[in-house]
file entry11.txt (compact mmCIF, C-alpha atoms)
# COMPACT_ATOMS: atom_id res chain seq x y z
CA MET A 17 -63.76 4.29 203.52
CA THR A 18 -65.32 1.73 205.81
CA LEU A 19 -62.01 0.71 207.40
CA ALA A 20 -60.33 2.37 210.38
CA LEU A 21 -56.86 1.35 209.20
CA ASP A 22 -55.28 4.10 207.10
CA ALA A 23 -54.86 3.54 203.36
CA ALA A 24 -51.04 3.49 203.51
CA ALA A 25 -51.12 0.69 206.07
CA GLN A 26 -53.70 -1.21 203.98
CA ASP A 27 -51.36 -0.97 201.02
CA LEU A 28 -48.27 -1.94 203.03
CA LEU A 29 -49.86 -5.04 204.54
CA PHE A 30 -52.28 -6.27 201.87
CA ARG A 31 -53.00 -4.27 198.72
CA GLU A 32 -49.48 -3.51 197.49
CA ALA A 33 -47.62 -6.25 199.37
CA ARG A 34 -46.68 -9.21 197.23
CA THR A 35 -44.94 -12.55 197.63
CA ALA A 36 -41.33 -11.90 196.55
CA ASN A 37 -39.37 -14.33 194.42
CA THR A 38 -36.09 -12.37 194.23
CA PHE A 39 -34.39 -10.21 196.84
CA SER A 40 -31.76 -7.47 197.06
CA ASP A 41 -28.54 -8.06 199.02
CA GLU A 42 -29.62 -5.85 201.92
CA PRO A 43 -29.38 -7.92 205.11
CA VAL A 44 -32.22 -8.49 207.58
CA SER A 45 -31.07 -8.01 211.16
CA ASP A 46 -32.02 -9.88 214.32
CA GLU A 47 -33.34 -6.54 215.62
CA GLN A 48 -35.82 -6.43 212.74
CA VAL A 49 -36.99 -9.96 213.43
CA GLN A 50 -37.36 -9.15 217.12
CA ALA A 51 -39.43 -6.07 216.30
CA ILE A 52 -41.65 -8.20 214.07
CA TYR A 53 -42.07 -10.86 216.74
CA ASP A 54 -42.74 -8.34 219.50
CA LEU A 55 -45.60 -6.96 217.42
CA VAL A 56 -47.23 -10.12 216.13
CA LYS A 57 -46.89 -12.15 219.32
CA PHE A 58 -50.10 -10.40 220.40
CA GLY A 59 -52.18 -12.01 217.66
CA PRO A 60 -54.99 -14.13 219.15
CA THR A 61 -54.98 -17.92 219.42
CA ALA A 62 -57.15 -20.48 221.17
CA PHE A 63 -56.31 -20.74 224.89
CA ASN A 64 -53.49 -18.27 224.24
CA GLN A 65 -51.47 -21.21 223.00
CA GLN A 66 -48.28 -20.23 221.20
CA PRO A 67 -47.08 -23.23 219.22
CA LEU A 68 -45.14 -21.18 216.63
CA ARG A 69 -41.39 -21.69 216.60
CA ILE A 70 -39.07 -19.80 214.27
CA VAL A 71 -35.66 -21.01 213.09
CA LEU A 72 -33.61 -18.27 211.45
CA VAL A 73 -31.25 -19.80 208.91
CA ARG A 74 -28.13 -17.61 208.92
CA SER A 75 -25.09 -19.89 208.55
CA GLU A 76 -23.92 -21.32 205.24
CA GLU A 77 -24.16 -24.77 206.74
CA GLY A 78 -27.74 -24.19 207.94
CA ARG A 79 -28.71 -22.89 204.51
CA ALA A 80 -27.32 -26.01 202.84
CA ARG A 81 -29.12 -28.26 205.32
CA LEU A 82 -32.40 -26.51 204.46
CA VAL A 83 -32.04 -26.13 200.70
CA GLN A 84 -31.55 -29.88 200.18
CA HIS A 85 -35.12 -30.41 201.42
CA MET A 86 -36.72 -27.66 199.31
CA ALA A 87 -38.57 -28.43 196.08
CA ASP A 88 -36.45 -27.79 193.00
CA GLY A 89 -38.41 -24.67 192.09
CA ASN A 90 -37.70 -23.16 195.51
CA LYS A 91 -33.99 -24.01 195.84
CA ALA A 92 -32.52 -20.96 194.07
CA LYS A 93 -34.53 -18.33 195.94
CA THR A 94 -34.06 -20.11 199.27
CA SER A 95 -30.31 -20.13 198.58
CA SER A 96 -30.14 -16.41 197.83
CA ALA A 97 -32.65 -14.69 200.10
CA PRO A 98 -31.03 -12.44 202.75
CA LEU A 99 -32.81 -14.33 205.51
CA VAL A 100 -34.77 -17.57 205.58
CA ALA A 101 -37.10 -18.45 208.46
CA ILE A 102 -38.46 -21.92 209.12
CA LEU A 103 -41.87 -21.62 210.78
CA ALA A 104 -42.91 -24.72 212.70
CA ALA A 105 -45.53 -25.78 215.22
CA ASP A 106 -44.36 -27.21 218.55
CA ASN A 107 -46.77 -30.08 219.19
CA GLU A 108 -45.85 -29.99 222.88
CA PHE A 109 -47.03 -26.37 223.27
CA HIS A 110 -49.41 -27.45 226.02
CA GLU A 111 -46.50 -27.65 228.49
CA GLU A 112 -46.48 -23.85 228.47
CA LEU A 113 -50.20 -23.36 229.07
CA PRO A 114 -49.94 -23.17 232.86
CA THR A 115 -47.74 -20.06 232.51
CA GLN A 116 -49.30 -18.66 229.32
CA LEU A 117 -52.91 -19.10 230.44
CA PRO A 118 -52.54 -18.36 234.15
CA HIS A 119 -56.30 -18.00 234.83
CA PHE A 120 -57.02 -21.51 233.51
CA PRO A 121 -53.94 -23.71 233.91
CA GLN A 122 -56.12 -26.84 233.93
CA ALA A 123 -56.57 -26.40 230.16
CA LYS A 124 -53.30 -28.24 229.68
CA ASP A 125 -54.70 -31.53 231.00
CA MET A 126 -58.41 -30.98 230.33
CA PHE A 127 -58.05 -30.39 226.60
CA PHE A 128 -54.61 -31.37 225.43
CA SER A 129 -53.70 -34.69 227.00
CA GLU A 130 -54.10 -36.49 223.65
CA ARG A 131 -51.31 -36.07 221.15
CA SER A 132 -53.64 -36.06 218.12
CA VAL A 133 -55.69 -33.22 219.63
CA ARG A 134 -52.54 -31.26 220.42
CA GLU A 135 -51.21 -31.75 216.91
CA SER A 136 -54.40 -30.51 215.25
CA SER A 137 -54.48 -27.53 217.58
CA ALA A 138 -50.80 -26.74 217.03
CA THR A 139 -51.29 -26.86 213.27
CA LEU A 140 -54.34 -24.58 213.27
CA ASN A 141 -53.04 -22.08 215.80
CA GLY A 142 -49.48 -22.25 214.51
CA ALA A 143 -50.86 -21.36 211.07
CA LEU A 144 -52.69 -18.37 212.56
CA GLN A 145 -49.39 -17.27 214.11
CA ALA A 146 -47.56 -17.88 210.82
CA ALA A 147 -50.03 -15.55 209.09
CA TYR A 148 -49.49 -12.90 211.78
CA PHE A 149 -45.73 -13.29 211.23
CA ILE A 150 -46.07 -12.79 207.46
CA ILE A 151 -48.11 -9.64 208.13
CA GLY A 152 -45.38 -8.57 210.57
CA VAL A 153 -42.66 -9.00 207.95
CA ARG A 154 -44.63 -6.65 205.73
CA ALA A 155 -45.16 -4.28 208.66
CA ALA A 156 -41.36 -4.07 208.86
CA GLY A 157 -41.23 -2.84 205.28
CA LEU A 158 -39.85 -6.17 204.08
CA ALA A 159 -41.14 -8.65 201.53
CA ALA A 160 -42.02 -12.20 202.53
CA GLY A 161 -41.78 -15.19 200.24
CA PRO A 162 -43.63 -17.98 202.06
CA MET A 163 -43.22 -21.47 200.60
CA THR A 164 -44.72 -24.88 201.30
CA GLY A 165 -42.90 -26.74 198.53
CA TYR A 166 -40.46 -28.94 200.46
CA ASP A 167 -39.99 -32.37 202.00
CA ALA A 168 -41.70 -31.67 205.32
CA ALA A 169 -40.57 -34.89 206.98
CA GLY A 170 -37.00 -34.10 205.92
CA ILE A 171 -37.10 -30.60 207.41
CA ASN A 172 -38.72 -31.86 210.61
CA LYS A 173 -36.00 -34.45 211.09
CA GLU A 174 -33.18 -32.10 210.06
CA PHE A 175 -34.05 -29.19 212.33
CA PHE A 176 -36.22 -30.64 215.12
CA ALA A 177 -34.53 -33.72 216.47
CA ASP A 178 -37.10 -34.16 219.26
CA GLY A 179 -39.75 -35.32 216.78
CA GLU A 180 -42.27 -32.92 218.30
CA HIS A 181 -42.28 -30.15 215.69
CA SER A 182 -44.06 -29.87 212.33
CA VAL A 183 -42.90 -27.36 209.73
CA LEU A 184 -45.73 -25.05 208.58
CA ALA A 185 -43.91 -22.86 206.04
CA VAL A 186 -40.47 -21.68 205.03
CA VAL A 187 -40.32 -17.92 204.47
CA ASN A 188 -37.75 -15.98 202.49
CA ILE A 189 -37.39 -12.45 203.87
CA GLY A 190 -35.73 -9.33 202.50
CA LYS A 191 -36.11 -6.29 200.30
CA PRO A 192 -37.45 -7.27 196.88
CA GLY A 193 -34.92 -7.61 194.06
CA GLU A 194 -35.29 -7.33 190.30
CA ASP A 195 -38.40 -8.90 188.77
CA ALA A 196 -39.48 -9.94 192.26
CA TRP A 197 -43.15 -10.42 191.45
CA PHE A 198 -45.21 -12.72 189.31
CA PRO A 199 -48.35 -11.04 187.94
CA ARG A 200 -50.96 -10.94 190.70
CA SER A 201 -53.36 -13.86 190.40
CA PRO A 202 -57.11 -13.34 190.77
CA ARG A 203 -58.99 -13.55 194.04
CA LEU A 204 -62.44 -15.00 194.61
CA ALA A 205 -65.20 -12.39 194.72
CA TYR A 206 -67.04 -11.63 197.95
CA ASP A 207 -70.15 -13.45 196.75
CA GLU A 208 -68.14 -16.59 196.02
CA VAL A 209 -66.83 -16.74 199.59
CA VAL A 210 -69.47 -15.19 201.84
CA THR A 211 -72.99 -16.50 202.39
CA THR A 212 -75.59 -15.47 204.95
CA VAL A 213 -77.98 -17.59 207.00
CA MET B 2 -38.75 2.25 215.41
CA THR B 3 -37.67 -0.68 213.26
CA LEU B 4 -41.11 -1.15 211.71
CA ALA B 5 -42.46 0.69 208.68
CA LEU B 6 -46.06 0.36 209.87
CA ASP B 7 -47.09 3.43 211.87
CA ALA B 8 -47.62 3.09 215.61
CA ALA B 9 -51.37 3.76 215.45
CA ALA B 10 -51.81 0.88 213.00
CA GLN B 11 -49.62 -1.38 215.17
CA ASP B 12 -51.88 -0.61 218.12
CA LEU B 13 -55.08 -1.05 216.12
CA LEU B 14 -54.11 -4.46 214.74
CA PHE B 15 -51.94 -6.02 217.47
CA ARG B 16 -50.86 -4.06 220.55
CA GLU B 17 -54.18 -2.63 221.73
CA ALA B 18 -56.50 -5.04 219.95
CA ARG B 19 -57.96 -7.71 222.18
CA THR B 20 -60.29 -10.68 221.90
CA ALA B 21 -63.71 -9.34 222.95
CA ASN B 22 -66.07 -11.29 225.16
CA THR B 23 -68.93 -8.75 225.27
CA PHE B 24 -70.24 -6.42 222.58
CA SER B 25 -72.31 -3.26 222.25
CA ASP B 26 -75.59 -3.30 220.30
CA GLU B 27 -74.12 -1.44 217.32
CA PRO B 28 -74.75 -3.56 214.21
CA VAL B 29 -72.09 -4.72 211.78
CA SER B 30 -73.15 -4.17 208.16
CA ASP B 31 -72.56 -6.30 205.09
CA GLU B 32 -70.66 -3.31 203.68
CA GLN B 33 -68.19 -3.55 206.56
CA VAL B 34 -67.68 -7.27 206.00
CA GLN B 35 -67.19 -6.66 202.28
CA ALA B 36 -64.57 -3.97 203.00
CA ILE B 37 -62.79 -6.41 205.31
CA TYR B 38 -62.87 -9.19 202.74
CA ASP B 39 -61.77 -6.94 199.89
CA LEU B 40 -58.68 -6.03 201.93
CA VAL B 41 -57.65 -9.39 203.34
CA LYS B 42 -58.37 -11.44 200.22
CA PHE B 43 -54.90 -10.34 199.09
CA GLY B 44 -53.15 -12.22 201.90
CA PRO B 45 -50.78 -14.85 200.50
CA THR B 46 -51.48 -18.60 200.37
CA ALA B 47 -49.83 -21.58 198.73
CA PHE B 48 -50.70 -21.81 195.01
CA ASN B 49 -53.03 -18.84 195.55
CA GLN B 50 -55.55 -21.32 196.91
CA GLN B 51 -58.50 -19.70 198.64
CA PRO B 52 -60.23 -22.34 200.73
CA LEU B 53 -61.74 -19.89 203.23
CA ARG B 54 -65.53 -19.71 203.28
CA ILE B 55 -67.46 -17.34 205.54
CA VAL B 56 -71.02 -17.86 206.73
CA LEU B 57 -72.53 -14.73 208.27
CA VAL B 58 -75.12 -15.71 210.85
CA ARG B 59 -77.79 -12.99 210.76
CA SER B 60 -81.19 -14.65 211.20
CA GLU B 61 -82.59 -15.73 214.56
CA GLU B 62 -82.99 -19.21 213.19
CA GLY B 63 -79.38 -19.32 211.98
CA ARG B 64 -78.17 -18.11 215.35
CA ALA B 65 -80.09 -20.87 217.14
CA ARG B 66 -78.74 -23.49 214.75
CA LEU B 67 -75.20 -22.35 215.55
CA VAL B 68 -75.48 -21.78 219.30
CA GLN B 69 -76.64 -25.35 219.95
CA HIS B 70 -73.23 -26.58 218.75
CA MET B 71 -71.14 -24.09 220.77
CA ALA B 72 -69.44 -25.06 224.02
CA ASP B 73 -71.40 -23.92 227.07
CA GLY B 74 -68.89 -21.18 227.87
CA ASN B 75 -69.33 -19.70 224.38
CA LYS B 76 -73.14 -19.86 224.08
CA ALA B 77 -74.01 -16.54 225.73
CA LYS B 78 -71.57 -14.40 223.78
CA THR B 79 -72.37 -16.17 220.52
CA SER B 80 -76.06 -15.48 221.20
CA SER B 81 -75.56 -11.76 221.81
CA ALA B 82 -72.76 -10.61 219.48
CA PRO B 83 -73.95 -8.19 216.75
CA LEU B 84 -72.58 -10.50 214.07
CA VAL B 85 -71.23 -14.04 214.12
CA ALA B 86 -69.12 -15.43 211.28
CA ILE B 87 -68.42 -19.12 210.75
CA LEU B 88 -65.02 -19.51 209.10
CA ALA B 89 -64.58 -22.81 207.29
CA ALA B 90 -62.20 -24.43 204.83
CA ASP B 91 -63.62 -25.74 201.55
CA ASN B 92 -61.79 -29.02 201.02
CA GLU B 93 -62.69 -28.89 197.32
CA PHE B 94 -60.86 -25.58 196.80
CA HIS B 95 -58.74 -27.18 194.09
CA GLU B 96 -61.64 -26.93 191.65
CA GLU B 97 -60.95 -23.18 191.53
CA LEU B 98 -57.21 -23.42 190.90
CA PRO B 99 -57.45 -23.31 187.10
CA THR B 100 -59.04 -19.85 187.34
CA GLN B 101 -57.23 -18.63 190.48
CA LEU B 102 -53.76 -19.78 189.38
CA PRO B 103 -54.01 -19.13 185.64
CA HIS B 104 -50.25 -19.49 184.97
CA PHE B 105 -50.17 -23.01 186.43
CA PRO B 106 -53.61 -24.63 186.09
CA GLN B 107 -52.04 -28.10 186.19
CA ALA B 108 -51.50 -27.62 189.94
CA LYS B 109 -55.06 -28.80 190.47
CA ASP B 110 -54.29 -32.33 189.29
CA MET B 111 -50.54 -32.46 189.95
CA PHE B 112 -50.77 -31.67 193.65
CA PHE B 113 -54.33 -31.96 194.84
CA SER B 114 -55.85 -35.11 193.39
CA GLU B 115 -55.78 -36.84 196.81
CA ARG B 116 -58.44 -35.82 199.29
CA SER B 117 -56.13 -36.13 202.31
CA VAL B 118 -53.59 -33.77 200.71
CA ARG B 119 -56.34 -31.30 199.85
CA GLU B 120 -57.73 -31.40 203.36
CA SER B 121 -54.35 -30.70 204.99
CA SER B 122 -53.73 -27.89 202.55
CA ALA B 123 -57.20 -26.41 203.06
CA THR B 124 -56.74 -26.47 206.83
CA LEU B 125 -53.32 -24.79 206.76
CA ASN B 126 -54.14 -22.21 204.13
CA GLY B 127 -57.67 -21.67 205.42
CA ALA B 128 -56.13 -20.91 208.82
CA LEU B 129 -53.79 -18.37 207.23
CA GLN B 130 -56.83 -16.75 205.63
CA ALA B 131 -58.73 -16.89 208.93
CA ALA B 132 -55.87 -14.98 210.58
CA TYR B 133 -55.93 -12.39 207.81
CA PHE B 134 -59.69 -12.06 208.34
CA ILE B 135 -59.26 -11.49 212.09
CA ILE B 136 -56.67 -8.79 211.32
CA GLY B 137 -59.18 -7.32 208.84
CA VAL B 138 -61.92 -7.16 211.46
CA ARG B 139 -59.54 -5.12 213.59
CA ALA B 140 -58.59 -3.00 210.59
CA ALA B 141 -62.29 -2.10 210.36
CA GLY B 142 -62.18 -0.75 213.91
CA LEU B 143 -64.14 -3.71 215.22
CA ALA B 144 -63.32 -6.29 217.86
CA ALA B 145 -63.12 -9.98 216.99
CA GLY B 146 -63.87 -12.79 219.39
CA PRO B 147 -62.58 -15.93 217.68
CA MET B 148 -63.63 -19.24 219.26
CA THR B 149 -62.78 -22.89 218.69
CA GLY B 150 -64.90 -24.28 221.51
CA TYR B 151 -67.71 -26.07 219.67
CA ASP B 152 -68.80 -29.41 218.24
CA ALA B 153 -67.00 -29.15 214.91
CA ALA B 154 -68.72 -32.17 213.36
CA GLY B 155 -72.07 -30.70 214.40
CA ILE B 156 -71.34 -27.33 212.77
CA ASN B 157 -69.99 -28.98 209.62
CA LYS B 158 -73.15 -31.05 209.24
CA GLU B 159 -75.48 -28.18 210.16
CA PHE B 160 -74.09 -25.57 207.79
CA PHE B 161 -72.25 -27.50 205.07
CA ALA B 162 -74.48 -30.26 203.83
CA ASP B 163 -72.05 -31.26 201.08
CA GLY B 164 -69.64 -32.80 203.61
CA GLU B 165 -66.73 -30.96 201.98
CA HIS B 166 -66.21 -28.15 204.49
CA SER B 167 -64.39 -28.07 207.86
CA VAL B 168 -65.05 -25.31 210.36
CA LEU B 169 -61.85 -23.52 211.43
CA ALA B 170 -63.22 -20.94 213.89
CA VAL B 171 -66.38 -19.09 214.84
CA VAL B 172 -65.83 -15.36 215.25
CA ASN B 173 -68.01 -12.91 217.15
CA ILE B 174 -67.71 -9.43 215.65
CA GLY B 175 -68.75 -6.00 216.90
CA LYS B 176 -67.84 -3.00 218.98
CA PRO B 177 -66.68 -4.09 222.43
CA GLY B 178 -69.21 -3.86 225.25
CA GLU B 179 -68.77 -3.51 229.02
CA ASP B 180 -66.00 -5.56 230.61
CA ALA B 181 -65.15 -6.92 227.16
CA TRP B 182 -61.62 -8.01 227.99
CA PHE B 183 -60.02 -10.58 230.22
CA PRO B 184 -56.63 -9.45 231.53
CA ARG B 185 -54.06 -9.95 228.79
CA SER B 186 -52.23 -13.25 229.22
CA PRO B 187 -48.45 -13.45 228.83
CA ARG B 188 -46.65 -14.11 225.58
CA LEU B 189 -43.53 -16.18 225.08
CA ALA B 190 -40.35 -14.13 224.89
CA TYR B 191 -38.40 -13.83 221.64
CA ASP B 192 -35.68 -16.17 222.90
CA GLU B 193 -38.23 -18.85 223.75
CA VAL B 194 -39.56 -18.88 220.18
CA VAL B 195 -36.69 -17.93 217.89
CA THR B 196 -33.46 -19.88 217.40
CA THR B 197 -30.71 -19.43 214.82
CA VAL B 198 -28.78 -22.02 212.86

call {"tool": "encode", "arguments": {"input": "entry11.txt", "output": "structure tokens"}}
result
Amino acid sequence: MTLALDAAAQDLLFREARTANTFSDEPVSDEQVQAIYDLVKFGPTAFNQQPLRIVLVRSEEGRARLVQHMADGNKAKTSSAPLVAILAADNEFHEELPTQLPHFPQAKDMFFSERSVRESSATLNGALQAAYFIIGVRAAGLAAGPMTGYDAAGINKEFFADGEHSVLAVVNIGKPGEDAWFPRSPRLAYDEVVTTV
Amino acid sequence: MTLALDAAAQDLLFREARTANTFSDEPVSDEQVQAIYDLVKFGPTAFNQQPLRIVLVRSEEGRARLVQHMADGNKAKTSSAPLVAILAADNEFHEELPTQLPHFPQAKDMFFSERSVRESSATLNGALQAAYFIIGVRAAGLAAGPMTGYDAAGINKEFFADGEHSVLAVVNIGKPGEDAWFPRSPRLAYDEVVTTV
């Protein structure tokens, strides 16, 4: 038992948690999403940047606008999940640095004046935040079904008219339904991933 | 209490956990890193791809090779942390898909034959895995000090001679030392991040 985290929490977040492909009808409330966000917002990023933006798809019209851009294999589950969240990176996140990094407000102009640099940073750090969010969904006792099979340009245009956001993942959220899981696929062994110099 | 995860675990992983800037002398063992990896390897990625590679920097020579590429503000803490881990994405991860995604081995050629597609995917999914790893360090009762201030091309060339890896972050790991924390910077409020359609 080398870990400080208790075994039940290990199971909840990693060992027993699985990507769900079907969901029950039980709704997911805004209060649950707020509790998730208020936990995972503390996850670390570079320069305390917070590019992650979350669009909760709740209306029938919003669902239809999203599903049309999903890959065929993802349309049915995206249509039926209790809640669908679009996770995107705001490539203009640097505008918030003066308030979010109050001890070093110059970071905004020193490091992020170039759009290509901002976009790379928003992608990397937005992905870190997306991972924290997925862990948070599990922390709420819910199953997450993250997907990247979609027309990204279509989603960006459909939901982010300013042209400054890049979708990172679309996540189905809810209690797992019948036959929710595929068999767990293998993971690389420690020695295949970790080397020492 | 909307979350299923117990409050102590919430604190350990998110609420009380902080990015450390100084560390005690207590070493971090390979057994601890293996326990971390064997927990967080279960974090979800697209197509069960596992691009994350971890280089543990343990020798004096390895440390010197790394520190020369770090930004000035990161050199001292990278020199003195008990353990430093280079987290990188293997842009040739698709070679493993036939064994890691046994129910859909065609994914390797159907989706990842183009290098630019692989590289984007390795960055996004490697970043998800990097976030899981940071959470795992905290789950082990250790503090993580992730950094992105370095010469990325220099690190890639220094540690990954094959030209197929891209550094995602360098993470100092250990028990926090004196004055380990900066004051916590603000986080965006729920309403600044989450919208509903």

call {"tool": "residues_around", "arguments": {"input": "entry11.txt", "residues": "Leu53 of chain B", "least_positions_apart": "6", "cutoff": "10 Å", "atoms": "only C-alpha atoms", "output": "VMD selection string"}}
result
(chain A and resid 204 209 to 210) or (chain B and resid 42 88 to 92 94 123 to 124 126 to 131 134 166 to 169)

call {"tool": "write_last_selection", "arguments": {"input": "entry11.txt", "atoms": "C-alpha atoms", "output": "compact mmCIF listing (two decimals), in the coordinates of the input"}}
result
# COMPACT_ATOMS: atom_id res chain seq x y z
CA LEU A 204 -62.44 -15.00 194.61
CA VAL A 209 -66.83 -16.74 199.59
CA VAL A 210 -69.47 -15.19 201.84
CA LYS B 42 -58.37 -11.44 200.22
CA LEU B 88 -65.02 -19.51 209.10
CA ALA B 89 -64.58 -22.81 207.29
CA ALA B 90 -62.20 -24.43 204.83
CA ASP B 91 -63.62 -25.74 201.55
CA ASN B 92 -61.79 -29.02 201.02
CA PHE B 94 -60.86 -25.58 196.80
CA ALA B 123 -57.20 -26.41 203.06
CA THR B 124 -56.74 -26.47 206.83
CA ASN B 126 -54.14 -22.21 204.13
CA GLY B 127 -57.67 -21.67 205.42
CA ALA B 128 -56.13 -20.91 208.82
CA LEU B 129 -53.79 -18.37 207.23
CA GLN B 130 -56.83 -16.75 205.63
CA ALA B 131 -58.73 -16.89 208.93
CA PHE B 134 -59.69 -12.06 208.34
CA HIS B 166 -66.21 -28.15 204.49
CA SER B 167 -64.39 -28.07 207.86
CA VAL B 168 -65.05 -25.31 210.36
CA LEU B 169 -61.85 -23.52 211.43

call {"tool": "closest_residue", "arguments": {"input": "entry11.txt", "among": "B:Gln69, B:Gln51, B:Asn173, B:Ser114", "to": "Ala86 of chain B", "atoms": "only C-alpha atoms"}}
result
B:Asn173

call {"tool": "residues_around", "arguments": {"input": "entry11.txt", "residues": "Gln48 of chain A", "least_positions_apart": "4", "cutoff": "8 Å", "atoms": "all atoms listed in the file", "output": "PyMOL selection string"}}
result
(chain A and resi 44+52+156) or (chain B and resi 3-4)

call {"tool": "closest_residue", "arguments": {"input": "entry11.txt", "among": "A:Leu82, A:Ala51, A:Ala169, A:Val187", "to": "chain B", "atoms": "only C-alpha atoms"}}
result
A:Ala51

call {"tool": "closest_residue", "arguments": {"input": "entry11.txt", "among": "B:Pro106, B:Gly137, B:Gly63, B:Gly164", "to": "chain A", "atoms": "only C-alpha atoms"}}
result
B:Gly63

call {"tool": "atom_distance", "arguments": {"input": "entry11.txt", "atom1": "atom CA of Ala132 of chain B", "atom2": "atom CA of Glu208 of chain A"}}
result
19.1 Å

call {"tool": "closest_residue", "arguments": {"input": "entry11.txt", "among": "B:Ala82, B:Val56, B:Ile135, B:Ala153", "to": "chain A", "atoms": "all atoms listed in the file"}}
result
B:Val56

call {"tool": "residues_near_point", "arguments": {"input": "entry11.txt", "point": "(-59.2, -0.5, 216.6)", "cutoff": "12 Å", "atoms": "all atoms listed in the file", "output": "ChimeraX atom specification"}}
result
/A:19-22 /B:9-21,135-145,175-177

call {"tool": "atom_distance", "arguments": {"input": "entry11.txt", "atom1": "atom CA of Met148 of chain B", "atom2": "atom CA of Ser117 of chain B"}}
result
25.1 Å

call {"tool": "atom_distance", "arguments": {"input": "entry11.txt", "atom1": "atom CA of Glu76 of chain A", "atom2": "atom CA of Phe198 of chain A"}}
result
27.9 Å
